[in-house]
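S.K.: To start, I am sharing the structure in question, which I have written as structure tokens.
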Amino acid sequence: MPELPEVETVRRGLAPVLEGRRLVRVEARRPDLRFPFPEGFVQRLVGARVVALRRRAKYLLADLDRGETLIAHLGMSGRFRIEGPGPAAPGRFHHNVGEDPRHDHVVLETETSDRIVYHDPRRFGFMGLASTEDLALHPWFAAMGPEPLSDAFGGARLVQAFRDRRQGPKTLLLDQRTVAGLGNIYVCEALHEARISPFRPAGRISASRLDVLARTVKAVLERAITAGGSTLRDFSAADGALGYFQHSFRAYDREGAACVNPGCGGTVRRKVQAGRSTFWCPACQR
DNA sequence: GCTGTAACCTGTCGGC
DNA sequence: TGCCGACAGGTTACAG
């Protein structure tokens, strides 16, 4: 899926066409995505005005003027596409080349005739509606860790979360309870840049190295957001623009390539860890 | 707790 | 060209 930088890129693309706008027509073309749509999904959205479009971890949150929030998660292959009201409106796409319309599952139409289309071939994404006031108590968020780019996340948080844990930092950073929003790419990247082995028992990594790791996580995410996220197979911003952070990968998807850490000279390797591909350099990641 | 595995679903790519 | 297996940015459940 899009990880945090990709979701943030999508949020920034959708905000101008959603914030302050009323939804005049909503279409759910099937009864479910990964989970069934909530009871009365379409009716609860039609007529509501979007007050703000926020992001929490990898979730998009559209606060409505009725006290509810539309929650959207893109799963692995979800994307939003904006179709403007006029033909060939600048920066707006009526069709993305090669996109199968059978995978257009949800359409939100605003009072200004912008159509926001949710497209998701694999349907690992999901949507829900919940009380805005109690959002933090919702099961999807209740156990979630801090935002990695917030002051609540730093070395101290990692020291606390890793204490006495024998699992590797890779697994623990992917656990959204530790810190929320990281996925496979950016965890591999941050560990590589911080020169920490994905396999080292987390409880045995010094506090000073965890401080470096936390700062590296923030730096990697910020660079990726600036680059507009990473475009692999099926991610693009809502306006169809492609991210280009994938050109900056240091470890992810670079099996067999030379390690780029200064003075290393090692080779990036790939290993399946907890069912996910881990890319790391055995020479310099300790 | 921890680990590994599988499931959800579709598309793509490489090998033969 | 066609078939088959491996793999993909996530999350969740389950068995041991």
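Identifiers in this document derive from the order of the structure tokens: chains are assigned A, B, ..., residues are numbered from 1 separately in each chain, and ligands are numbered from 1 in order of occurrence.
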Give me the residues within 12 Å of DA6 in chain C as a PyMOL selection string, counting only C-alpha atoms (C1' of nucleotides) and dropping any in the same chain fewer than 4 places off.
M.R.: chain B and resi 12-15
S.K.: Using N, CA and C atoms (P, O5', C5', C4', C3', O3' and C1' of nucleotides), can you export the residues from the last selection as a short mmCIF file (atom, residue, chain, number, x, y, z; two decimals), in the first residue's frame?
M.R.:
```cif
data_model
loop_
_atom_site.label_atom_id
_atom_site.label_comp_id
_atom_site.auth_asym_id
_atom_site.auth_seq_id
_atom_site.Cartn_x
_atom_site.Cartn_y
_atom_site.Cartn_z
P DT B 12 -1.54 -5.50 -15.16
"O5'" DT B 12 -0.05 -5.96 -14.81
"C5'" DT B 12 0.62 -5.32 -13.73
"C4'" DT B 12 1.94 -6.02 -13.51
"C3'" DT B 12 2.68 -6.39 -14.81
"O3'" DT B 12 4.02 -5.99 -14.65
"C1'" DT B 12 2.50 -8.28 -13.41
P DC B 13 4.93 -5.82 -15.96
"O5'" DC B 13 6.18 -6.73 -15.57
"C5'" DC B 13 6.59 -6.84 -14.20
"C4'" DC B 13 7.30 -8.16 -14.00
"C3'" DC B 13 8.07 -8.61 -15.24
"O3'" DC B 13 9.39 -8.96 -14.88
"C1'" DC B 13 6.69 -10.34 -14.44
P DG B 14 10.52 -9.04 -16.03
"O5'" DG B 14 11.26 -10.39 -15.62
"C5'" DG B 14 11.29 -10.80 -14.26
"C4'" DG B 14 11.44 -12.31 -14.21
"C3'" DG B 14 12.25 -12.89 -15.35
"O3'" DG B 14 13.15 -13.86 -14.83
"C1'" DG B 14 10.11 -13.90 -15.30
P DG B 15 14.19 -14.59 -15.77
"O5'" DG B 15 13.61 -16.07 -15.80
"C5'" DG B 15 13.27 -16.72 -14.58
"C4'" DG B 15 12.69 -18.07 -14.88
"C3'" DG B 15 13.42 -18.83 -15.99
"O3'" DG B 15 13.56 -20.19 -15.62
"C1'" DG B 15 11.13 -18.58 -16.56
#
```
S.K.: Pick out the residues sitting within 10 Å of DC2 in chain B, and hand them over as number ranges by chain; count only C-alpha atoms (C1' of nucleotides), and ignore anything fewer than 3 positions along from it in its own chain.
M.R.: A: 165-167
S.K.: Return as a VMD selection string the residues belonging to chain B that are within 10 Å of chain A, counting only C-alpha atoms (C1' of nucleotides).
M.R.: chain B and resid 1 to 6 8 to 12
S.K.: Distance limit 12 Å, atoms considered: only C-alpha atoms (C1' of nucleotides). Which chain A residues sit that close to chain C? Return them as JSON, numbers by chain.
M.R.: {"A": [1, 2, 3, 4, 5, 6, 7, 34, 35, 58, 59, 73, 74, 75, 76, 77, 78, 79, 122, 123, 124, 125, 126, 140, 174, 175, 176, 181, 182, 183, 184, 185, 186, 187, 229, 230, 231, 232, 233, 234, 235, 236, 246, 252, 253, 272, 275, 276, 277]}
S.K.: Next, the residues of the selection above should be written as a CSV table (one decimal), in the first residue's frame with N, CA and C atoms.
M.R.:
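The file below, part.csv, is the result:
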```csv
chain,number,residue,atom,x,y,z
A,1,MET,N,0.9,-1.2,0.0
A,1,MET,CA,0.0,0.0,0.0
A,1,MET,C,0.9,1.2,0.0
A,2,PRO,N,0.2,2.2,-0.4
A,2,PRO,CA,0.8,3.5,-0.1
A,2,PRO,C,1.1,3.5,1.4
A,3,GLU,N,2.3,3.9,1.8
A,3,GLU,CA,2.7,4.2,3.2
A,3,GLU,C,2.4,5.6,3.5
A,4,LEU,N,2.8,6.0,4.6
A,4,LEU,CA,2.5,7.4,5.1
A,4,LEU,C,2.8,8.5,4.1
A,5,PRO,N,3.9,8.5,3.4
A,5,PRO,CA,4.2,9.6,2.5
A,5,PRO,C,3.3,9.6,1.3
A,6,GLU,N,2.9,8.4,0.8
A,6,GLU,CA,2.0,8.3,-0.3
A,6,GLU,C,0.6,8.8,0.1
A,7,VAL,N,0.1,8.4,1.3
A,7,VAL,CA,-1.2,8.8,1.8
A,7,VAL,C,-1.2,10.3,2.0
A,34,ARG,N,-12.6,-4.3,1.4
A,34,ARG,CA,-12.1,-5.4,2.3
A,34,ARG,C,-13.2,-5.8,3.3
A,35,PHE,N,-13.9,-4.8,3.8
A,35,PHE,CA,-15.0,-5.0,4.7
A,35,PHE,C,-16.2,-4.4,4.1
A,58,LYS,N,-1.8,5.8,8.0
A,58,LYS,CA,-2.1,5.6,6.6
A,58,LYS,C,-3.5,5.7,6.3
A,59,TYR,N,-4.3,6.3,7.2
A,59,TYR,CA,-5.7,6.6,7.0
A,59,TYR,C,-6.0,8.0,6.6
A,73,HIS,N,-8.9,3.8,4.0
A,73,HIS,CA,-7.6,3.2,3.9
A,73,HIS,C,-7.4,2.6,2.6
A,74,LEU,N,-6.2,2.8,2.0
A,74,LEU,CA,-6.0,2.5,0.6
A,74,LEU,C,-5.5,1.0,0.4
A,75,GLY,N,-5.3,0.3,1.5
A,75,GLY,CA,-4.8,-1.1,1.4
A,75,GLY,C,-3.5,-1.1,0.6
A,76,MET,N,-3.4,-2.1,-0.3
A,76,MET,CA,-2.2,-2.2,-1.1
A,76,MET,C,-2.2,-1.5,-2.4
A,77,SER,N,-3.4,-1.4,-3.0
A,77,SER,CA,-3.5,-0.9,-4.4
A,77,SER,C,-4.6,0.2,-4.6
A,78,GLY,N,-5.1,0.8,-3.5
A,78,GLY,CA,-6.1,1.8,-3.6
A,78,GLY,C,-5.6,3.1,-4.1
A,79,ARG,N,-6.4,3.8,-4.8
A,79,ARG,CA,-6.0,5.2,-5.2
A,79,ARG,C,-7.2,6.0,-5.4
A,122,ARG,N,-7.1,-4.6,-6.0
A,122,ARG,CA,-7.0,-5.8,-5.0
A,122,ARG,C,-8.0,-5.7,-3.9
A,123,ARG,N,-8.6,-4.6,-3.7
A,123,ARG,CA,-9.7,-4.4,-2.7
A,123,ARG,C,-9.2,-4.7,-1.3
A,124,PHE,N,-8.0,-4.4,-1.0
A,124,PHE,CA,-7.5,-4.6,0.4
A,124,PHE,C,-7.8,-3.3,1.1
A,125,GLY,N,-8.2,-2.3,0.4
A,125,GLY,CA,-8.6,-1.0,1.1
A,125,GLY,C,-9.9,-1.1,1.8
A,126,PHE,N,-10.3,-0.1,2.6
A,126,PHE,CA,-11.6,-0.2,3.2
A,126,PHE,C,-12.0,1.2,3.6
A,140,TRP,N,-10.0,1.0,14.9
A,140,TRP,CA,-8.9,1.1,13.9
A,140,TRP,C,-7.8,2.0,14.5
A,174,LEU,N,7.1,-2.1,12.0
A,174,LEU,CA,6.0,-2.3,11.1
A,174,LEU,C,4.7,-2.4,11.9
A,175,ASP,N,4.9,-2.7,13.2
A,175,ASP,CA,3.7,-2.8,14.1
A,175,ASP,C,3.2,-1.4,14.4
A,176,GLN,N,2.0,-1.2,13.9
A,176,GLN,CA,1.4,0.2,14.0
A,176,GLN,C,1.2,0.7,15.5
A,181,GLY,N,2.2,4.3,10.7
A,181,GLY,CA,2.3,4.9,9.4
A,181,GLY,C,3.4,4.3,8.6
A,182,LEU,N,4.3,3.6,9.2
A,182,LEU,CA,5.5,3.0,8.5
A,182,LEU,C,5.1,1.7,7.8
A,183,GLY,N,5.6,1.4,6.7
A,183,GLY,CA,5.4,0.2,6.0
A,183,GLY,C,6.8,-0.4,5.6
A,184,ASN,N,6.7,-1.4,4.7
A,184,ASN,CA,7.9,-2.2,4.4
A,184,ASN,C,9.0,-1.4,3.8
A,185,ILE,N,8.7,-0.5,2.9
A,185,ILE,CA,9.7,0.3,2.2
A,185,ILE,C,10.5,1.2,3.2
A,186,TYR,N,9.7,2.0,3.9
A,186,TYR,CA,10.4,3.0,4.7
A,186,TYR,C,11.1,2.5,5.9
A,187,VAL,N,10.6,1.3,6.4
A,187,VAL,CA,11.3,0.7,7.5
A,187,VAL,C,12.7,0.1,7.0
A,229,GLY,N,6.1,10.9,-2.6
A,229,GLY,CA,5.9,9.5,-2.4
A,229,GLY,C,6.7,8.7,-3.4
A,230,SER,N,6.4,7.4,-3.4
A,230,SER,CA,7.1,6.4,-4.3
A,230,SER,C,6.1,5.8,-5.2
A,231,THR,N,6.4,5.8,-6.5
A,231,THR,CA,5.6,5.2,-7.5
A,231,THR,C,6.1,3.8,-7.8
A,232,LEU,N,5.5,2.7,-7.4
A,232,LEU,CA,5.9,1.4,-7.9
A,232,LEU,C,5.0,0.9,-9.0
A,233,ARG,N,4.1,0.1,-8.6
A,233,ARG,CA,3.2,-0.4,-9.6
A,233,ARG,C,1.9,0.5,-9.9
A,234,ASP,N,1.3,0.9,-8.8
A,234,ASP,CA,0.0,1.5,-8.9
A,234,ASP,C,-0.3,2.6,-8.0
A,235,PHE,N,0.8,3.3,-7.6
A,235,PHE,CA,0.5,4.5,-6.8
A,235,PHE,C,0.7,5.8,-7.7
A,236,SER,N,-0.2,6.7,-7.6
A,236,SER,CA,0.0,8.0,-8.1
A,236,SER,C,-0.8,9.0,-7.2
A,246,GLN,N,11.1,6.6,-5.3
A,246,GLN,CA,11.6,5.3,-5.6
A,246,GLN,C,13.0,5.4,-6.2
A,252,TYR,N,15.7,-0.8,-0.4
A,252,TYR,CA,14.4,-1.5,-0.9
A,252,TYR,C,14.5,-1.8,-2.4
A,253,ASP,N,14.2,-3.1,-2.7
A,253,ASP,CA,14.2,-3.5,-4.1
A,253,ASP,C,15.6,-3.4,-4.8
A,272,VAL,N,13.2,-13.0,3.4
A,272,VAL,CA,11.8,-12.9,3.9
A,272,VAL,C,11.8,-13.0,5.4
A,275,GLY,N,7.2,-12.9,6.7
A,275,GLY,CA,6.3,-12.9,5.5
A,275,GLY,C,6.5,-11.7,4.6
A,276,ARG,N,7.5,-10.8,5.0
A,276,ARG,CA,7.7,-9.6,4.1
A,276,ARG,C,9.2,-9.6,3.7
A,277,SER,N,9.4,-9.1,2.5
A,277,SER,CA,10.8,-9.0,2.0
A,277,SER,C,11.5,-7.9,2.8
```
S.K.: Please identify which residues in range 24-169 of chain A DSSP calls strand (DSSP E or B) from the backbone, and express them as a ChimeraX atom specification.
M.R.: /A:24-28,32,36,49-56,59-64,68-73,79-83,104-110,115-119,126-131
S.K.: Quote the spacing between CA of Thr112 in chain A and CA of Thr132 in chain A in Å to one decimal place.
M.R.: 24.7 Å
S.K.: Could you give me the residues within range 25-215 of chain A that DSSP places in alpha helix (DSSP H), as JSON, numbers by chain?
M.R.: {"A": [41, 42, 43, 44, 45, 155, 156, 157, 158, 159, 160, 161, 162, 169, 170, 171, 172, 173, 174, 184, 185, 186, 187, 188, 189, 190, 191, 192, 193, 194, 207, 208, 209, 210, 211, 212, 213, 214, 215]}
S.K.: Take the residues from that selection and put them in a file with C-alpha atoms, as a compact mmCIF listing (two decimals), in the first residue's frame.
M.R.:
```txt
# COMPACT_ATOMS: atom_id res chain seq x y z
CA PHE A 41 -23.03 4.48 3.97
CA VAL A 42 -24.23 6.41 0.93
CA GLN A 43 -27.12 8.17 2.69
CA ARG A 44 -24.89 9.29 5.54
CA LEU A 45 -22.54 10.94 3.06
CA GLY A 155 14.23 7.89 20.61
CA ALA A 156 12.48 7.67 23.97
CA ARG A 157 9.42 6.10 22.35
CA LEU A 158 11.59 3.43 20.70
CA VAL A 159 13.45 2.74 23.93
CA GLN A 160 10.12 2.18 25.63
CA ALA A 161 8.64 0.05 22.83
CA PHE A 162 11.78 -2.05 22.26
CA PRO A 169 13.37 -3.64 14.88
CA LYS A 170 11.96 -4.34 11.41
CA THR A 171 9.02 -6.23 12.82
CA LEU A 172 8.42 -3.78 15.65
CA LEU A 173 8.53 -0.72 13.39
CA LEU A 174 5.97 -2.33 11.10
CA ASN A 184 7.87 -2.19 4.40
CA ILE A 185 9.69 0.31 2.18
CA TYR A 186 10.40 3.05 4.66
CA VAL A 187 11.31 0.67 7.49
CA CYS A 188 13.92 -0.97 5.24
CA GLU A 189 15.17 2.44 4.19
CA ALA A 190 15.42 3.89 7.70
CA LEU A 191 17.18 0.84 9.15
CA HIS A 192 19.66 0.85 6.30
CA GLU A 193 20.42 4.53 6.67
CA ALA A 194 20.77 4.15 10.44
CA ALA A 207 19.36 4.16 23.41
CA SER A 208 21.73 6.35 21.45
CA ARG A 209 21.28 4.21 18.34
CA LEU A 210 17.51 4.27 18.79
CA ASP A 211 17.72 8.02 18.94
CA VAL A 212 19.50 7.98 15.59
CA LEU A 213 16.92 5.56 14.23
CA ALA A 214 13.99 7.76 15.25
CA ARG A 215 15.61 10.79 13.65
```
S.K.: Tell me, in Å to one decimal, how far CA of Pro31 in chain A is from CA of Pro16 in chain A.
M.R.: 28.4 Å
